[in-house]
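**Student:** The following block contains the structure, expressed as structure tokens.
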Amino acid sequence: MSSGTVLVTGGAGYIGSHCCKLLAAEGFEPVTYDNLFRGHRELVKWGPFVEGDIRDRDLLEKTIRRYRPAAVMHFAALSYVGESVENPGLYHSVNVGGSEVLLRAMTACKVKQVVFSSTCATYGMPESMPIDEQHPQQPVNPYGVTKLAVEQAIGKWSAETNGSSVMLRYFNAAGADPELETGEWHEPETHLIPLALAAADGQGPGLTIFGDDYPTPDGTCIRDYIHVTDLVQAHLLAMRTDAPAGESQAYNLGNGEGFSVRQVVDAVEQVTGKAVPVSNGARREGDPASLVGSSARARRDLGWQPRFDDLGSIIATAWGWYQQQGASSQ
């Protein structure tokens with residue numbers, strides 16, 4: 001697939017908006033479908049916009065019949081782990097129920113290809129590292145449970161409809177569009193890098209490090225960070241790959257290298273030239289000491305090669321976006 005229309009559910013969100021920009025740059029017409037509950041209308045810049053809920057089958061079918069997409073990139077979901085623990089029913093309704101509605105609408109409109117935004121949270125607590133696609137999927141929170149359920153639903157859909165599907169399991173998405181046309185914009189913000197940038201800028205009470213007694217070199221959790229631009233490049237490659245009809249493929253997306261919370265704080269201080277005020281808090285229940293993924297399969301099968309493979313360059317783009325947003329709000 002080298003051109004045409006692509007339906008991007010959740011296209012007004014962090015990763016979805018970056019994907020829309022890339023699709024437009026590559027000659028596709030991205031159609032954003034988003035209810036703006038967590039997305040932002042200001043981030044829809046590269047194609048038509050339809051405001052709607054992922055559980056609204058009538059509107060989904062109307063949208064698909066109007067724009068006739070050749071493929072769907074499915075980002076629409078709720079994605080806060082803590083919120084999923086507090087309200088698992090909502091997460092099941094939106095993430096699982098909404099995805100099932102989307103698949104039925106695709107079937108009715110004869111759309112045969114989907115690339116799904118999944119997560120390493122489907123693996124649960126790591127049994128070995130780096131985590132590859134053969135690692136047991138035993139999620140430990142409702143968010144991960146819903147994402148695994150969607151993977152299973154999409155796999156069943158592929159087999160029943162002779163469709164083509166790819167699951168992309170992210171590790172920690174980070175950074176911003178280098179041209180600063182879109183970036184990370186969560187309300188509330190829970191991700192480490194933007195929180196550390198805000199703390200360095202004197203916003204809020206400072207950064208809390210949850211646990212400093214893990215079995216890691218500096219005692220803080222280690223995570224695998226991947227630049228959002230590299231992440232969406234993998235979506236394009238996945239859409240263009242000749243995935244077998246009737247089958248579902250899965251790929252991990254990460255850098256294959258982990259950085260501790262303290263390493264992230266140090267890098268933020270280096271990029272910004274400002275100190276990050278930190279305090280130590282208790283461990284959060286369910287936080288593994290280390291999560292690092294193997295992306296060897298994506299590199300081999302999709303030809304994927306991350307460009308932003310060092311922590312400093314990832315944080316530099318996030319800092320540029322943070323500064324621009326601060327300037328635009330004054």
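We label chains A, B, ... in the order they appear in the structure tokens, count residues from 1 in each chain, and number ligands from 1 in the order shown.
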With a cut-off of 8 Å, could you pull out the residues of region 12-124 of chain A touching region 157-171 of chain A and give me the nearest pair of atoms for each, distance in Å to one decimal, using only C-alpha atoms, ordered by chain and ascending number, as CSV?
**Tutor:**
residue,atom,partner,partner_atom,distance
A:Leu103,CA,A:Trp157,CA,7.2
A:Thr107,CA,A:Thr161,CA,7.4
A:Lys112,CA,A:Gly163,CA,4.6
A:Gln113,CA,A:Ser164,CA,4.8
A:Val114,CA,A:Ser165,CA,4.9
A:Val115,CA,A:Val166,CA,4.8
A:Phe116,CA,A:Met167,CA,4.9
A:Ser117,CA,A:Leu168,CA,5.5
A:Ser118,CA,A:Arg169,CA,4.5
A:Thr119,CA,A:Arg169,CA,4.0
A:Cys120,CA,A:Arg169,CA,5.2
**Student:** Could you save those same residues with N, CA and C atoms as a PDB file, in the first residue's frame?
**Tutor:**
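Output below, filename result.pdb:
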ATOM      1  N   LEU A 103     -14.210  -3.403  14.595  1.00  0.00           N
ATOM      2  CA  LEU A 103     -14.008  -4.572  13.733  1.00  0.00           C
ATOM      3  C   LEU A 103     -15.290  -4.941  12.989  1.00  0.00           C
ATOM      4  N   THR A 107     -15.746  -4.940   8.959  1.00  0.00           N
ATOM      5  CA  THR A 107     -16.255  -6.105   8.238  1.00  0.00           C
ATOM      6  C   THR A 107     -17.431  -5.715   7.342  1.00  0.00           C
ATOM      7  N   LYS A 112     -10.041  -4.530   5.128  1.00  0.00           N
ATOM      8  CA  LYS A 112      -9.377  -5.784   5.435  1.00  0.00           C
ATOM      9  C   LYS A 112      -8.062  -5.647   6.190  1.00  0.00           C
ATOM     10  N   GLN A 113      -7.654  -4.435   6.528  1.00  0.00           N
ATOM     11  CA  GLN A 113      -6.335  -4.285   7.148  1.00  0.00           C
ATOM     12  C   GLN A 113      -6.399  -3.363   8.350  1.00  0.00           C
ATOM     13  N   VAL A 114      -5.759  -3.781   9.465  1.00  0.00           N
ATOM     14  CA  VAL A 114      -5.701  -2.954  10.660  1.00  0.00           C
ATOM     15  C   VAL A 114      -4.322  -3.088  11.299  1.00  0.00           C
ATOM     16  N   VAL A 115      -3.802  -1.951  11.766  1.00  0.00           N
ATOM     17  CA  VAL A 115      -2.585  -1.919  12.576  1.00  0.00           C
ATOM     18  C   VAL A 115      -3.015  -1.429  13.956  1.00  0.00           C
ATOM     19  N   PHE A 116      -2.743  -2.241  14.965  1.00  0.00           N
ATOM     20  CA  PHE A 116      -3.262  -1.980  16.308  1.00  0.00           C
ATOM     21  C   PHE A 116      -2.167  -1.483  17.243  1.00  0.00           C
ATOM     22  N   SER A 117      -2.490  -0.422  17.976  1.00  0.00           N
ATOM     23  CA  SER A 117      -1.610   0.147  18.986  1.00  0.00           C
ATOM     24  C   SER A 117      -1.762  -0.642  20.277  1.00  0.00           C
ATOM     25  N   SER A 118      -0.849  -1.610  20.503  1.00  0.00           N
ATOM     26  CA  SER A 118      -0.895  -2.414  21.706  1.00  0.00           C
ATOM     27  C   SER A 118       0.202  -1.957  22.668  1.00  0.00           C
ATOM     28  N   THR A 119       0.586  -2.785  23.608  1.00  0.00           N
ATOM     29  CA  THR A 119       1.456  -2.338  24.678  1.00  0.00           C
ATOM     30  C   THR A 119       2.223  -3.495  25.300  1.00  0.00           C
ATOM     31  N   CYS A 120       3.381  -3.181  25.856  1.00  0.00           N
ATOM     32  CA  CYS A 120       4.145  -4.190  26.593  1.00  0.00           C
ATOM     33  C   CYS A 120       3.442  -4.572  27.883  1.00  0.00           C
TER      34      CYS A 120
END
**Student:** Give me the residues of region 142-199 of chain A that have any atom at most 12 Å from an atom of region 267-285 of chain A; for each, the nearest atom pair and the distance in Å, rounded to one decimal. Use only C-alpha atoms, sort by chain and number, and format it as JSON lines.
**Tutor:**
{"residue": "A:Gly175", "atom": "CA", "partner": "A:Val268", "partner_atom": "CA", "distance": 11.9}
{"residue": "A:Leu192", "atom": "CA", "partner": "A:Val268", "partner_atom": "CA", "distance": 10.4}
{"residue": "A:Ile193", "atom": "CA", "partner": "A:Val268", "partner_atom": "CA", "distance": 7.7}
{"residue": "A:Pro194", "atom": "CA", "partner": "A:Val268", "partner_atom": "CA", "distance": 9.5}
{"residue": "A:Leu195", "atom": "CA", "partner": "A:Val276", "partner_atom": "CA", "distance": 9.9}
{"residue": "A:Ala196", "atom": "CA", "partner": "A:Val276", "partner_atom": "CA", "distance": 6.6}
{"residue": "A:Leu197", "atom": "CA", "partner": "A:Val268", "partner_atom": "CA", "distance": 6.6}
{"residue": "A:Ala198", "atom": "CA", "partner": "A:Val276", "partner_atom": "CA", "distance": 8.7}
{"residue": "A:Ala199", "atom": "CA", "partner": "A:Val276", "partner_atom": "CA", "distance": 5.6}
**Student:** Where in region 220-286 of chain A does DSSP assign strand (DSSP E), given as a list in words?
**Tutor:**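 Across region 220-286 of chain A, those assigned strand (DSSP E) are Ile222, Arg223, Asp224, Tyr225, Ile226, His227, Ser248, Gln249, Ala250, Tyr251, Asn252, Leu253, Gly258, Phe259, Ser260, Val278, Ser279, Asn280 and Gly281 of chain A.
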**Student:** For Ile226 (chain A), find every residue with an atom within 6 Å (counting only C-alpha atoms), except residues of its own chain fewer than 6 positions away, and show them as a list of chain:residue names.
**Tutor:** A:Asn172, A:Ala173, A:Ala174, A:Gly254, A:Asn255
**Student:** Give me the residues of region 126-156 of chain A that have any atom at most 10 Å from an atom of region 56-80 of chain A; for each, the nearest atom pair and the distance in Å, rounded to one decimal. Use only C-alpha atoms, sort by chain and number, and format it as a Markdown table.
**Tutor:**
| residue | atom | partner | partner_atom | distance |
| --- | --- | --- | --- | --- |
| A:Pro142 | CA | A:Tyr80 | CA | 9.8 |
| A:Tyr143 | CA | A:Ser79 | CA | 6.5 |
| A:Gly144 | CA | A:Ser79 | CA | 9.0 |
| A:Thr146 | CA | A:Ala77 | CA | 9.6 |
| A:Lys147 | CA | A:Ala77 | CA | 9.0 |
**Student:** What is the CA of Ala12 (chain A) to CA of Asn252 (chain A) distance in Å?
**Tutor:** 23.4 Å
**Student:** Could you tell me which of A:Ala298, A:Ala108, A:Val81, A:Leu253 comes closest to Tyr225 (chain A) if we count only C-alpha atoms?
**Tutor:**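 Smallest distance to Tyr225 (chain A) is found for A:Leu253.
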**Student:** Write down as a PyMOL selection string the residues belonging to region 56-192 of chain A that are assigned helix (DSSP H, G or I) by DSSP computed on the backbone.
**Tutor:** chain A and resi 57-67+81-86+88-108+120-122+142-161+192
**Student:** Between A:Ile54, A:Ala176, A:Leu207, A:Leu291, which is the closest to Cys221 (chain A) once you count only C-alpha atoms?
**Tutor:**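 Of the candidates, the smallest distance to Cys221 (chain A) is held by A:Leu291.
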**Student:** Nearest residue to Glu189 (chain A) out of A:Arg38, A:Phe28, A:Gln325, A:Ser290, using only C-alpha atoms?
**Tutor:**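 Once distances to Glu189 (chain A) are computed over only C-alpha atoms, the minimum belongs to A:Arg38.
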**Student:** I need the residue nearest Val85 (chain A) from this list: A:Phe49, A:Leu311, A:Gly286, A:Gly204. Use only C-alpha atoms for the distance.
**Tutor:**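 Of the candidates, the smallest distance to Val85 (chain A) is held by A:Gly286.
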